[in-house]
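Student: Shown below is the structure under consideration.
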Amino acid sequence: MSSPDNIRSLSRFGRIFLPLLLVALGAAAQQAAVKFGRRADKAVVQTPVPDVELLKAELSDAPVTLSAQGVIEPITQSRAAAEVAGRVIAVSPSWRDGASFKQGEELLRLDDADYLSALANAEANAADAAMQVRMEQARADQAMRDWKKLASGNPESDLVTRAPQLKAAHARVASTNAAVAKAKRDLERTVLRAPFDGRILRTLTNLGSYAAPGAALAEFYATDKFQVKLPLPLDDFTLLDSAADSPVTLSATAGTRSVSIKATLVRSAAEIDRASRTLPVTVEFSPGPDPDPLIAPGLYVNASLVGRPLKNVVRIPRRALLAGDRVAVSSPDHHLSFRPVTIARTTRDDVLLSSGLKPGDLVLTCLLYPSD
């Protein structure tokens, strides 16, 4: 039988040498796999060579179209306010947010009872003042007749001829007539009439409400003409055809619907926007008698403006322009050189160069890589 000491010795031997044996077997297996295993074939990687073409530089005049974006705004927008106090006793069927109205249409009426009374009182005072003028005139005429009977020459005081009294009577007539005119104006101001053809943005009062003088009643805008302010970069503004009747095309798309609007350039802003370094220009257009409902204030539109054509420029594809504003030029003996150029304008696909190339220069243009 094995003694406990022998068993402990075997256990200690296993703990020490068994891991070493496993490591040695793993290393031998790895060396055998490297020596006798199958190796992968090396793939030959071919670098694709891009196709190139040579373009001959030609001078030409290039038309310029400028692009900008803006929002349709009304030219005339007003906030109606009560000029006299009163309770709202009637409103038009058009007195709704978004409703349209015609010039001269009665939109709202205030209680006018007090103003009718004030007008009647002012007219009575005016009639009384007119009668007083006639009476004073009669007294003045009688005083002159009496003076001529009793004395000769002119009176020493105008009180004899009642001139001051007649002047005061005429002044009272003017005052009472002014009071009549004011009473009529106040009576007219109890009715809010549309100053132009337009639409209501929002109503701020309604039937039964009390309107104090100066209280806001509604906001509305004219629909005869709209405007769009278009911020232009300074480089684009220098190319803008600033003729007063320069045509502008506005376009917008909403879902499957699209609209195109012909507008006219009318003016530019008085100062440059310091934050964006742009100079806004304003274009205007008339929506017509039956406009598309999509054409309304707040619509975001793209604008296409006519610019002055660039004279004697060379047009090259954008892919021909290299880093650092250079192009690759091939000489007649097929030597390649890199030449700096001056960019007059860039478009989505092309670059217009104002200097750096001469007519007949061959510009190297890299095309797409060939497909397998």
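Residues are referred to by chain and number: the chain letter is A, B, ... according to the order shown in the structure tokens, the number counts from 1 in that chain, and ligands are numbered separately from 1 in the order shown.
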Please report, as JSON lines, each residue of segment 71-185 of chain A lying at most 12 Å from segment 223-239 of chain A, together with the nearest pair of atoms and the separation in Å rounded to one decimal; use only C-alpha atoms, and order rows by chain and ascending residue number.
Tutor:
```
{"residue": "A:Val71", "atom": "CA", "partner": "A:Val228", "partner_atom": "CA", "distance": 5.7}
{"residue": "A:Ile72", "atom": "CA", "partner": "A:Val228", "partner_atom": "CA", "distance": 4.9}
{"residue": "A:Glu73", "atom": "CA", "partner": "A:Gln227", "partner_atom": "CA", "distance": 5.3}
{"residue": "A:Pro74", "atom": "CA", "partner": "A:Phe226", "partner_atom": "CA", "distance": 4.7}
{"residue": "A:Ile75", "atom": "CA", "partner": "A:Phe226", "partner_atom": "CA", "distance": 5.4}
{"residue": "A:Thr76", "atom": "CA", "partner": "A:Phe226", "partner_atom": "CA", "distance": 8.3}
{"residue": "A:Gln77", "atom": "CA", "partner": "A:Thr223", "partner_atom": "CA", "distance": 9.6}
{"residue": "A:Gly98", "atom": "CA", "partner": "A:Thr223", "partner_atom": "CA", "distance": 11.9}
{"residue": "A:Ala99", "atom": "CA", "partner": "A:Thr223", "partner_atom": "CA", "distance": 11.7}
{"residue": "A:Ser100", "atom": "CA", "partner": "A:Thr223", "partner_atom": "CA", "distance": 9.0}
{"residue": "A:Phe101", "atom": "CA", "partner": "A:Thr223", "partner_atom": "CA", "distance": 9.7}
{"residue": "A:Lys102", "atom": "CA", "partner": "A:Thr223", "partner_atom": "CA", "distance": 10.0}
{"residue": "A:Gln103", "atom": "CA", "partner": "A:Thr223", "partner_atom": "CA", "distance": 10.8}
```
Student: Limited to C-alpha atoms, could you put the picked residues into a file as a short mmCIF file (atom, residue, chain, number, x, y, z; two decimals), in the first residue's frame?
Tutor:
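What ended up in out-v3.cif:
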```cif
data_model
loop_
_atom_site.label_atom_id
_atom_site.label_comp_id
_atom_site.auth_asym_id
_atom_site.auth_seq_id
_atom_site.Cartn_x
_atom_site.Cartn_y
_atom_site.Cartn_z
CA VAL A 71 -39.81 83.67 -47.59
CA ILE A 72 -42.90 85.29 -49.10
CA GLU A 73 -44.05 88.31 -47.08
CA PRO A 74 -46.93 90.76 -47.54
CA ILE A 75 -45.90 94.24 -48.61
CA THR A 76 -48.76 95.85 -46.67
CA GLN A 77 -49.64 94.42 -43.26
CA GLY A 98 -57.75 83.42 -42.79
CA ALA A 99 -60.90 84.89 -44.38
CA SER A 100 -60.65 87.17 -47.41
CA PHE A 101 -62.29 90.56 -47.78
CA LYS A 102 -62.74 93.28 -50.38
CA GLN A 103 -61.78 96.94 -50.20
#
```
Student: Between segment 264-324 of chain A and segment 55-61 of chain A, at 8 Å or less, what are the per-residue closest atom pairs and their distances in Å? Count only C-alpha atoms, order by chain and rising residue number, and return it as a Markdown table.
Tutor:
```
| residue | atom | partner | partner_atom | distance |
| --- | --- | --- | --- | --- |
| A:Pro309 | CA | A:Asp61 | CA | 6.4 |
| A:Leu310 | CA | A:Asp61 | CA | 5.5 |
| A:Lys311 | CA | A:Asp61 | CA | 4.5 |
| A:Asn312 | CA | A:Ser60 | CA | 4.9 |
| A:Val313 | CA | A:Leu59 | CA | 5.3 |
| A:Val314 | CA | A:Leu59 | CA | 5.1 |
| A:Arg315 | CA | A:Glu58 | CA | 7.6 |
| A:Ile316 | CA | A:Ala57 | CA | 7.9 |
```
Student: When DSSP works through the backbone of this structure, what residues of segment 174-360 of chain A end up as helix (DSSP H, G or I), shown as a PyMOL selection string?
Tutor: chain A and resi 174-188+234-239+318-320
Student: Out of A:Leu322, A:Ala275, A:Met131, A:Met144, which residue has the shortest atom-to-atom distance to Val351 of chain A when counting only C-alpha atoms?
Tutor: A:Leu322
Student: Which one is closest to Ala120 of chain A: A:Thr176, A:Thr253, A:Ser330, A:Gln132? Count only C-alpha atoms.
Tutor: A:Thr176
Student: Using only C-alpha atoms, can you tell me which of A:Arg308, A:Lys184, A:Arg172, A:Arg109 comes closest to Asn206 of chain A?
Tutor: A:Arg109
